[in-house]
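Structure file run_11.pdb with PDB, C-alpha atoms:
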ATOM      1  CA  MET A   1      23.572 -10.063 -13.209
ATOM      2  CA  THR A   2      22.526  -6.826 -11.492
ATOM      3  CA  ALA A   3      26.148  -5.711 -11.112
ATOM      4  CA  ASN A   4      26.718  -5.996 -14.866
ATOM      5  CA  ALA A   5      26.622  -2.514 -16.380
ATOM      6  CA  LEU A   6      25.989  -3.926 -19.855
ATOM      7  CA  CYS A   7      22.836  -5.882 -18.994
ATOM      8  CA  SER A   8      19.565  -4.864 -20.592
ATOM      9  CA  GLU A   9      16.649  -3.312 -18.761
ATOM     10  CA  GLU A  10      14.694  -6.585 -18.940
ATOM     11  CA  GLN A  11      17.607  -8.496 -17.409
ATOM     12  CA  MET A  12      17.942  -5.907 -14.621
ATOM     13  CA  GLU A  13      14.242  -6.026 -13.739
ATOM     14  CA  MET A  14      14.142  -9.814 -13.823
ATOM     15  CA  PHE A  15      15.166  -9.958 -10.160
ATOM     16  CA  PHE A  16      12.440  -7.576  -9.004
ATOM     17  CA  LEU A  17       9.382  -9.097 -10.682
ATOM     18  CA  TYR A  18       6.617 -10.302  -8.375
ATOM     19  CA  CYS A  19       7.335 -13.974  -9.083
ATOM     20  CA  SER A  20      11.100 -13.870  -8.526
ATOM     21  CA  PRO A  21      12.909 -15.588  -5.628
ATOM     22  CA  ASN A  22      14.201 -12.211  -4.387
ATOM     23  CA  VAL A  23      10.690 -10.868  -3.885
ATOM     24  CA  LEU A  24       9.611 -14.128  -2.245
ATOM     25  CA  LEU A  25      12.471 -13.935   0.277
ATOM     26  CA  MET A  26      11.845 -10.228   0.989
ATOM     27  CA  THR A  27       8.147 -10.945   1.543
ATOM     28  CA  ILE A  28       8.818 -13.851   3.889
ATOM     29  CA  SER A  29      11.308 -11.815   5.948
ATOM     30  CA  LEU A  30       8.932  -8.846   6.192
ATOM     31  CA  PHE A  31       6.080 -11.164   7.230
ATOM     32  CA  LEU A  32       8.215 -12.763   9.943
ATOM     33  CA  MET A  33       9.265  -9.357  11.303
ATOM     34  CA  VAL A  34       5.731  -7.919  11.315
ATOM     35  CA  ARG A  35       4.390 -11.067  12.968
ATOM     36  CA  GLN A  36       6.503 -10.294  16.051
ATOM     37  CA  ILE A  37       4.821  -6.915  16.693
ATOM     38  CA  LYS A  38       2.390  -6.988  19.603
ATOM     39  CA  PHE A  39      -0.071  -4.177  20.271
ATOM     40  CA  THR A  40      -1.395  -3.646  23.773
ATOM     41  CA  SER A  41      -3.236  -0.371  23.220
ATOM     42  CA  GLN A  42      -6.895  -0.856  22.307
ATOM     43  CA  LYS A  43      -6.722   2.215  20.080
ATOM     44  CA  TRP A  44      -4.054   0.605  17.879
ATOM     45  CA  VAL A  45      -5.827  -2.753  17.891
ATOM     46  CA  ARG A  46      -9.058  -1.094  16.690
ATOM     47  CA  ALA A  47      -7.205   0.929  14.039
ATOM     48  CA  PHE A  48      -5.471  -2.132  12.597
ATOM     49  CA  ALA A  49      -8.686  -4.156  12.785
ATOM     50  CA  ASN A  50     -10.363  -1.421  10.740
ATOM     51  CA  ILE A  51      -7.509  -1.393   8.210
ATOM     52  CA  THR A  52      -7.866  -5.172   7.919
ATOM     53  CA  LYS A  53     -11.606  -4.865   7.341
ATOM     54  CA  CYS A  54     -11.050  -2.168   4.699
ATOM     55  CA  GLY A  55      -8.041  -3.865   3.065
ATOM     56  CA  LEU A  56      -9.723  -5.161  -0.075
ATOM     57  CA  GLY A  57     -11.549  -1.870  -0.586
ATOM     58  CA  ILE A  58      -8.303   0.074  -0.221
ATOM     59  CA  TYR A  59      -6.704  -2.201  -2.803
ATOM     60  CA  VAL A  60      -9.628  -1.814  -5.222
ATOM     61  CA  LEU A  61      -9.828   1.965  -4.830
ATOM     62  CA  HIS A  62      -6.119   2.868  -4.824
ATOM     63  CA  TYR A  63      -5.778   2.421  -8.588
ATOM     64  CA  PHE A  64      -8.152   5.331  -9.160
ATOM     65  CA  ILE A  65      -6.626   7.593  -6.475
ATOM     66  CA  VAL A  66      -2.898   7.339  -7.288
ATOM     67  CA  GLY A  67      -3.049  10.174  -9.845
ATOM     68  CA  LEU A  68      -4.802  12.426  -7.327
ATOM     69  CA  GLY A  69      -2.233  11.587  -4.641
ATOM     70  CA  TYR A  70       0.659  12.331  -6.973
ATOM     71  CA  TRP A  71      -0.962  15.619  -7.990
ATOM     72  CA  MET A  72      -1.385  16.579  -4.310
ATOM     73  CA  ALA A  73       2.270  15.744  -3.562
ATOM     74  CA  ASP A  74       3.248  17.777  -6.621
ATOM     75  CA  ILE A  75       1.252  20.802  -5.407
ATOM     76  CA  MET A  76       2.899  20.576  -1.965
ATOM     77  CA  GLN A  77       6.287  20.788  -3.753
ATOM     78  CA  ILE A  78       7.609  17.689  -2.041
ATOM     79  CA  PRO A  79      11.259  16.931  -2.960
ATOM     80  CA  ILE A  80      11.532  14.238  -5.615
ATOM     81  CA  SER A  81      13.214  11.806  -3.197
ATOM     82  CA  LEU A  82      10.153  11.913  -0.910
ATOM     83  CA  LYS A  83       7.422  12.224  -3.538
ATOM     84  CA  ILE A  84       6.650   8.500  -3.876
ATOM     85  CA  PRO A  85       6.485   7.759  -0.108
ATOM     86  CA  VAL A  86       4.378  10.880   0.500
ATOM     87  CA  THR A  87       2.109   9.939  -2.418
ATOM     88  CA  ALA A  88       1.725   6.434  -0.941
ATOM     89  CA  VAL A  89       0.690   7.854   2.440
ATOM     90  CA  ILE A  90      -1.762  10.300   0.821
ATOM     91  CA  VAL A  91      -3.325   7.581  -1.329
ATOM     92  CA  PHE A  92      -3.582   5.196   1.619
ATOM     93  CA  LEU A  93      -5.247   7.772   3.860
ATOM     94  CA  ILE A  94      -7.727   8.854   1.175
ATOM     95  CA  CYS A  95      -8.636   5.275   0.279
ATOM     96  CA  TRP A  96      -8.918   4.187   3.903
ATOM     97  CA  GLY A  97     -11.100   7.192   4.713
ATOM     98  CA  VAL A  98     -13.418   6.613   1.752
ATOM     99  CA  VAL A  99     -13.783   2.890   2.402
ATOM    100  CA  ALA A 100     -14.238   3.272   6.179
ATOM    101  CA  LEU A 101     -16.813   6.028   5.640
ATOM    102  CA  SER A 102     -18.699   3.937   3.113
ATOM    103  CA  PHE A 103     -18.780   1.006   5.560
ATOM    104  CA  ARG A 104     -20.324   3.346   8.154
ATOM    105  CA  LEU A 105     -22.858   4.997   5.838
ATOM    106  CA  PHE A 106     -23.769   2.071   3.568
ATOM    107  CA  PRO A 107     -22.754  -1.135   5.363
ATOM    108  CA  LYS A 108     -24.644  -3.609   3.157
ATOM    109  CA  ALA A 109     -23.700  -1.988  -0.153
ATOM    110  CA  SER A 110     -20.091  -1.527   0.939
ATOM    111  CA  LYS A 111     -19.789  -5.191   1.760
ATOM    112  CA  TRP A 112     -20.734  -6.013  -1.833
ATOM    113  CA  VAL A 113     -18.524  -3.351  -3.388
ATOM    114  CA  PHE A 114     -15.446  -3.489  -1.137
ATOM    115  CA  GLY A 115     -15.669  -7.001   0.272
TER
END
In structure tokens, write the structure found in this file.
Amino acid sequence: MTANALCSEEQMEMFFLYCSPNVLLMTISLFLMVRQIKFTSQKWVRAFANITKCGLGIYVLHYFIVGLGYWMADIMQIPISLKIPVTAVIVFLICWGVVALSFRLFPKASKWVFG
């Protein structure tokens, strides 16, 4: 289907929807690969523990920050091939920083807002 040049846009995207078997298999393989990573450095363990704690807040906040991240990547004149990955890193760092800072400054309120 995806090799057919005459297929419609809906038919092409059918294999990349979130509920398709392709996405399920890619997710399972990525999970199995990431599961094999072992961290021995306490610095990395603490960083990933903090990302885990802030995960829901990052997810909730990223929707509002994507436009800002794209604008920042646009100002930096990032080549178009790198703009989306750079925007993703910018958005992640901003969201993680805001959520982690809010957990430090307002721990009780942040738990209600960000989980």
How would you write, as a ChimeraX atom specification, the residues chosen by the PyMOL selection byres ((chain A and resi 68) around 12) on this structure? /A:61-67,69-75,87-88,90-92,94-95
Keeping only C-alpha atoms, write those residues as a CSV table (one decimal), in the frame of the given file.
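As written to disk, part_3.csv reads:
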chain,number,residue,atom,x,y,z
A,61,LEU,CA,-9.8,2.0,-4.8
A,62,HIS,CA,-6.1,2.9,-4.8
A,63,TYR,CA,-5.8,2.4,-8.6
A,64,PHE,CA,-8.2,5.3,-9.2
A,65,ILE,CA,-6.6,7.6,-6.5
A,66,VAL,CA,-2.9,7.3,-7.3
A,67,GLY,CA,-3.0,10.2,-9.8
A,69,GLY,CA,-2.2,11.6,-4.6
A,70,TYR,CA,0.7,12.3,-7.0
A,71,TRP,CA,-1.0,15.6,-8.0
A,72,MET,CA,-1.4,16.6,-4.3
A,73,ALA,CA,2.3,15.7,-3.6
A,74,ASP,CA,3.2,17.8,-6.6
A,75,ILE,CA,1.3,20.8,-5.4
A,87,THR,CA,2.1,9.9,-2.4
A,88,ALA,CA,1.7,6.4,-0.9
A,90,ILE,CA,-1.8,10.3,0.8
A,91,VAL,CA,-3.3,7.6,-1.3
A,92,PHE,CA,-3.6,5.2,1.6
A,94,ILE,CA,-7.7,8.9,1.2
A,95,CYS,CA,-8.6,5.3,0.3
What is the atom CA of A:Thr52-atom CA of A:Ile37 distance in Å, reported with one decimal? 15.5 Å
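Interatomic distance, atom CA of A:Ala49 against atom CA of A:Trp96: 12.2 Å.
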Do you have the atom CA of A:Pro107-atom CA of A:Val89 distance handy?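 Computing it gives 25.3 Å between the two atoms.
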Fewer than 6 positions away in the same chain doesn't count, so skip those; otherwise give me all residues within 10 Å of A:Cys54, counting all atoms listed in the file, as JSON, numbers by chain. {"A": [48, 95, 96, 97, 98, 99, 100, 102, 103, 110, 111, 114, 115]}
Name the closest residue to A:Tyr59 among the candidates A:Val113, A:Leu6, A:Leu24, A:Leu82; distances are taken between atoms, counting all atoms listed in the file.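 The closest residue to A:Tyr59 is A:Val113.
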